[in-house]
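See below for the structure under consideration.
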Amino acid sequence: MNIRLRWKLFCVVLLVSFAIAVAQTQTYNPKVPPGKKSAVTAANPNPQALVQSGAVLFGQDCSFCHGRDAAGGESGPDLTRSRLVTADVGGNRIGPVVRSGRPDRGMPSFDLNDRQIASLAAFIHTKQNAAPARKGGRRGVDAADLQTGNAEAGKQYFDGAGGCSSCHSATGDLAGIASRYQGLELEQQMLYPRHVKSKVTVTLASGETIAGTLDYLDEFTVGLVDSTGAYRSWRTGDVQFKVDRPVDAHVELFSKYTDDDIHNLMAYLQTLR
């Protein structure tokens, strides 16, 4: 595979990882009939003073991830196309997320009072209401953007040349995967799955072997969690060990994928609901 395609794959993995690490919800493109106001607009008149106060607060605490206009930044999702924001009324959905944060996705918590939450919500809603008129400014990725492949060709690749079926099953571990992950999250799982545990087998000087889930490894120590849930470790110089990293098989495919392979495989995975 040429260097250009290899670089493209690498960039896709990085962008997907950053987007998911701070993603707050799935996004969509709200469609409001001409001449009609959205429920959010009707429920939140957003006084200008409140919006301005929220703009200052957003600029201080949120713009570094979500961009100055809430339409997405280098690492944060586009809030103007967020389901959570659309469902929010006066901060009732936005507030809990802001105050609790989402540590698992890289979002810190913010200690804001009710007035500050209301102003923040007013600013975000104002940007969301103005978003449909912004031409060519969409920065997010919809699930529809990732549905350009041929699902049947993707299935053939999964069962054949890709070798995916040697480790995975459409009716086993991947059953319902398209319901658990959508859009970029699903593509990340396909290209470079997160939180996949590696296995390790340690052979002691006596010849005894101990297998388990790899928990720690550096040049001095190898540690695992065995079948009983106990943690065990050894100095690497005293034992022999073999690590089985399932993610390595995904990495090896980077040099083999064509553009069609990626699009078709993604289309097939989206049928597994």
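Lettering and numbering for the structure tokens are positional, with chains as A, B, ... in the shown order, residues counted from 1 in each chain, and ligands counted from 1 in the shown order.
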
- request: Enumerate as a ChimeraX atom specification all residues of region 84-230 of chain A assigned to helix (DSSP H, G or I) by DSSP on the backbone, naming them with the chain letters and numbers the document uses.
  value: /A:84-87,94-100,103-105,114-133,143-146,151-159,164-166,177-180,183-191

message: For Asp111 (chain A), find every residue with an atom within 9 Å (counting only C-alpha atoms), except residues of its own chain fewer than 3 positions away, and show them as a ChimeraX atom specification.
response: /A:98-100

May I have the selected residues written with C-alpha atoms, as an mmCIF file, in the first residue's frame?
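As written to disk, part-v6.cif reads:
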```cif
data_model
loop_
_atom_site.group_PDB
_atom_site.id
_atom_site.type_symbol
_atom_site.label_atom_id
_atom_site.label_comp_id
_atom_site.auth_asym_id
_atom_site.auth_seq_id
_atom_site.Cartn_x
_atom_site.Cartn_y
_atom_site.Cartn_z
ATOM 1 C CA VAL A 98 -21.264 20.164 32.676
ATOM 2 C CA ARG A 99 -21.339 19.682 36.449
ATOM 3 C CA SER A 100 -20.454 15.989 36.452
#
```

- request: For Ile177 (chain A), work out the shell of residues within 12 Å, counting only C-alpha atoms and skipping chain neighbours fewer than 2 positions away, then give it as a PyMOL selection string.
  value: chain A and resi 168-175+179-183+185-187+189-190+266+268-273

- prompt: What gap, in Å, lies between CA of Gly73 (chain A) and CA of Gln147 (chain A)?
  reply: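 Atom-to-atom, CA of Gly73 (chain A) and CA of Gln147 (chain A) are spaced 23.9 Å apart.
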
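Closest approach to Asp69 (chain A) among A:Ala178, A:Ile124, A:Leu204, A:Ala87 is made by A:Ile124 (distances from only C-alpha atoms).
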
- request: Run DSSP on the backbone of this structure and report the residues of region 26-252 of chain A it assigns to strand (DSSP E), as a list in words.
  value: Lys199, Val200, Thr201, Val202, Thr203, Thr209, Ile210, Ala211, Gly212, Thr213, Leu214, Asp215, Tyr216, Leu217, Thr221, Val222, Gly223, Leu224, Val225, Tyr231, Arg232, Ser233, Trp234, Arg235, Gln240, Phe241, Lys242, Val243 and Asp244 of chain A

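Using only C-alpha atoms for every distance, the candidate list A:Ala211, A:Val251, A:Val239, A:Leu79 yields A:Ala211 as the residue closest to Leu224 (chain A).
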
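Take the candidates A:Tyr157, A:Phe123, A:Phe241, A:Phe58 and check each one against Val202 (chain A) using only C-alpha atoms; the shortest distance goes to A:Phe241.
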
- request: Write out as a ChimeraX atom specification the residues lying within 12 Å of Val56 (chain A), counting only C-alpha atoms and excluding same-chain residues fewer than 2 positions away.
  value: /A:49-54,58-63,68-69,116,119-120,122-124

Any chance you can output those residues with N, CA and C atoms as a CSV table (one decimal), in the first residue's frame?
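Output (again13.csv):
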```csv
chain,number,residue,atom,x,y,z
A,49,ALA,N,-29.0,39.3,26.9
A,49,ALA,CA,-28.1,39.5,28.1
A,49,ALA,C,-27.6,38.1,28.6
A,50,LEU,N,-28.5,37.1,28.6
A,50,LEU,CA,-28.2,35.8,29.0
A,50,LEU,C,-27.2,35.1,28.0
A,51,VAL,N,-27.5,35.3,26.7
A,51,VAL,CA,-26.7,34.8,25.7
A,51,VAL,C,-25.2,35.3,25.8
A,52,GLN,N,-25.1,36.6,26.0
A,52,GLN,CA,-23.8,37.3,26.1
A,52,GLN,C,-23.0,36.8,27.3
A,53,SER,N,-23.7,36.6,28.4
A,53,SER,CA,-23.1,36.1,29.6
A,53,SER,C,-22.6,34.6,29.3
A,54,GLY,N,-23.4,33.9,28.6
A,54,GLY,CA,-23.0,32.5,28.3
A,54,GLY,C,-21.9,32.4,27.3
A,58,PHE,N,-18.6,30.4,28.0
A,58,PHE,CA,-18.2,29.3,27.0
A,58,PHE,C,-16.8,29.6,26.5
A,59,GLY,N,-16.5,30.8,26.2
A,59,GLY,CA,-15.2,31.1,25.7
A,59,GLY,C,-14.1,30.8,26.7
A,60,GLN,N,-14.4,30.9,28.0
A,60,GLN,CA,-13.4,30.6,29.1
A,60,GLN,C,-13.3,29.1,29.3
A,61,ASP,N,-14.4,28.4,29.4
A,61,ASP,CA,-14.3,27.0,29.8
A,61,ASP,C,-14.5,26.0,28.8
A,62,CYS,N,-15.1,26.3,27.6
A,62,CYS,CA,-15.5,25.3,26.7
A,62,CYS,C,-14.9,25.4,25.3
A,63,SER,N,-14.6,26.6,24.9
A,63,SER,CA,-14.1,26.8,23.5
A,63,SER,C,-12.8,26.1,23.2
A,68,ARG,N,-15.0,28.3,19.3
A,68,ARG,CA,-15.6,29.5,19.8
A,68,ARG,C,-17.1,29.6,19.5
A,69,ASP,N,-17.5,28.9,18.4
A,69,ASP,CA,-18.9,29.0,18.0
A,69,ASP,C,-19.7,27.7,18.4
A,116,GLN,N,-25.4,30.4,35.7
A,116,GLN,CA,-24.3,30.2,34.8
A,116,GLN,C,-24.7,29.1,33.8
A,119,SER,N,-27.2,30.5,31.3
A,119,SER,CA,-26.5,31.3,30.3
A,119,SER,C,-25.7,30.5,29.3
A,120,LEU,N,-25.1,29.5,29.8
A,120,LEU,CA,-24.3,28.6,28.9
A,120,LEU,C,-25.2,27.9,27.9
A,122,ALA,N,-28.2,28.9,27.0
A,122,ALA,CA,-28.7,30.0,26.0
A,122,ALA,C,-27.8,30.2,24.9
A,123,PHE,N,-26.5,30.3,25.2
A,123,PHE,CA,-25.5,30.6,24.2
A,123,PHE,C,-25.4,29.4,23.2
A,124,ILE,N,-25.4,28.2,23.7
A,124,ILE,CA,-25.3,27.0,22.8
A,124,ILE,C,-26.5,26.9,21.9
```

- request: Compile the contact shell of Thr86 (chain A) as a list in words: residues with an atom at most 8 Å away, counting only C-alpha atoms, same-chain residues fewer than 3 positions apart removed.
  value: Val40, Arg81, Ser82, Arg83 and His125 of chain A

Mind dumping the selected residues with C-alpha atoms as a PDB file, in the first residue's frame?
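Output file selection_22.pdb is given in full below:
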```
ATOM      1  CA  VAL A  40     -35.807  24.459  21.640  1.00  0.00           C
ATOM      2  CA  ARG A  81     -25.733  19.207  16.089  1.00  0.00           C
ATOM      3  CA  SER A  82     -26.040  17.348  19.382  1.00  0.00           C
ATOM      4  CA  ARG A  83     -29.110  15.331  20.354  1.00  0.00           C
ATOM      5  CA  HIS A 125     -28.937  27.030  21.744  1.00  0.00           C
TER       6      HIS A 125
END
```

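Across the structure, CA of Val89 (chain A) and CA of His66 (chain A) are spaced 20.1 Å apart.
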
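We find CA of Lys127 (chain A) and CA of Val97 (chain A) to be spaced 18.5 Å apart.
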